[in-house]
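Only one structure is covered here, and it is reproduced in the block below.
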Amino acid sequence: TIFLLVDGCSQKSSSFKAADLATSIDERYYTINNLKKSANNLIRSIENCRLDIRRWGGRHEANSNHSYFEGHERVDVITHRKEFIQHFLSRKAEYYTITNDESPKWIIPTTPHRTILICHDESTFRSGEISPHRWIIDDNAPFFSKGRGRSHMLSDFSVLHPSSPFFRLNQEEWNEATRKYPELLQDSDITYEKHSASAATNIGGDLYMDNSSVLEQFEKFFKLLQFKKEFK
């Protein structure tokens, strides 16, 4: 019975109910005692099974804010993950890295082929964010911030290279890029940083960074990347 409970509470579908436990107990009772069920009553009621689940440490709460994964431990996924990690580890000497101490310094690769790691990152910053609980002393309570404030979303390309922590072109490189790709000068629904593919938006007021927006951002990034002279 306890194994049924643990297994049921571990399922992603969240379909396990106290009635399932009551039915299982009923079926096992008649099987173990070699009896034939002649009435519709359950050996242990659903209400009592709810109490049993609580006694065993179970809780009935909103199905949110839990660890989520799907298919992460499939054999093909594990194999691909190992290959992906090994691809980077085997080329560690080719990367620009920094020392892990109080005064980090750049470690410049000495291999014939140097690799610059570029990562895409999205972060959302909220103004006026407050804690749901706080300490208050009578007659000294501050004004309450009404509402949740505005959220500002940043979509950046961070670079592991001494030139800059974020990808951007200088004026000369930007001029070369726009001569080849004049569409870079056209207005867009996305607010881009100057000479860069990094973008920002106010959630709720501007266009949200959905999949099509991010793809447009990457397209611009690849157009600009070829003109970054410090990467050559």
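Every chain in the structure tokens takes a letter, A first, then B, and so on in the order presented; its residues are numbered from 1, and the ligands are numbered from 1 following the presented order.
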
TODO: Write out as a count of residues only all residues of segment 143-229 of chain A that DSSP puts in helix (DSSP H, G or I) for this structure's backbone.
DONE: 30

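Taking atom CA of Trp174 of chain A and atom CA of Ile98 of chain A as the two end points, the separation is 28.3 Å.
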
- [ ] Skip Val214 of chain A itself and residues of its chain fewer than 3 positions away, then list as a PyMOL selection string all residues within 10 Å of it, counting only C-alpha atoms.
- [x] chain A and resi 120+122+155+190+199+208-211+217-220

File of the preceding selection, C-alpha atoms, as a tab-separated table (two decimals), in the first residue's frame:
chain	number	residue	atom	x	y	z
A	120	HIS	CA	22.75	33.72	-24.99
A	122	GLU	CA	17.66	36.11	-20.86
A	155	SER	CA	18.28	39.30	-23.87
A	190	ILE	CA	12.68	44.91	-30.77
A	199	ALA	CA	17.85	43.59	-26.77
A	208	TYR	CA	7.43	40.18	-25.46
A	209	MET	CA	10.59	38.27	-26.41
A	210	ASP	CA	8.85	35.25	-27.89
A	211	ASN	CA	10.42	32.60	-30.14
A	217	GLN	CA	17.80	38.50	-32.63
A	218	PHE	CA	20.02	35.53	-33.49
A	219	GLU	CA	19.80	36.35	-37.18
A	220	LYS	CA	21.08	39.84	-36.46

Task: Between atom CA of Ile46 of chain A and atom CA of Ile25 of chain A, distance in Å (one decimal) - done: 10.4 Å

Open item on the list: One decimal, in Å: what's the spacing between atom CA of Tyr95 of chain A and atom CA of Leu215 of chain A?
Closed with: 26.1 Å

TODO: Just the residues within 12 Å of segment 82-92 of chain A, please, counting only C-alpha atoms, with nothing from its chain fewer than 3 positions along; format it as a list of chain:residue names.
DONE: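 Using only C-alpha atoms, the neighbours found are A:Glu73, A:Val75, A:Asp76, A:Val77, A:Ile78, A:Thr79, A:Tyr95, A:Tyr96, A:Thr97, A:Ile107, A:Ile108, A:Pro109, A:Thr110, A:Thr111, A:Pro112, A:His113, A:Arg114, A:Thr115, A:Ile116, A:Leu117.
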
Task: Option closest in space to Ile53 of chain A, from A:Arg74, A:Ala19, A:Arg81, A:Asn41 [counting only C-alpha atoms] - done: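 Under the stated criterion, the closest residue is A:Ala19.
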
- [ ] Return the single residue from A:Leu169, A:Met153, A:Leu184, A:Ala93 that is closest to Thr201 of chain A, with distances computed using only C-alpha atoms.
- [x] A:Met153

- [ ] Would you mind telling me which residue in A:His72, A:His195, A:Arg55, A:Leu35 lies nearest to Glu176 of chain A when using only C-alpha atoms?
- [x]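 For Glu176 of chain A, the nearest of the given residues is A:His195.
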
TODO: Rank nothing, just name the residue among A:Asp156, A:Asp52, A:Glu183, A:Glu230 nearest to Asp121 of chain A, using only C-alpha atoms.
DONE: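 Nearest candidate to Asp121 of chain A out of A:Asp156, A:Asp52, A:Glu183, A:Glu230: A:Asp156.
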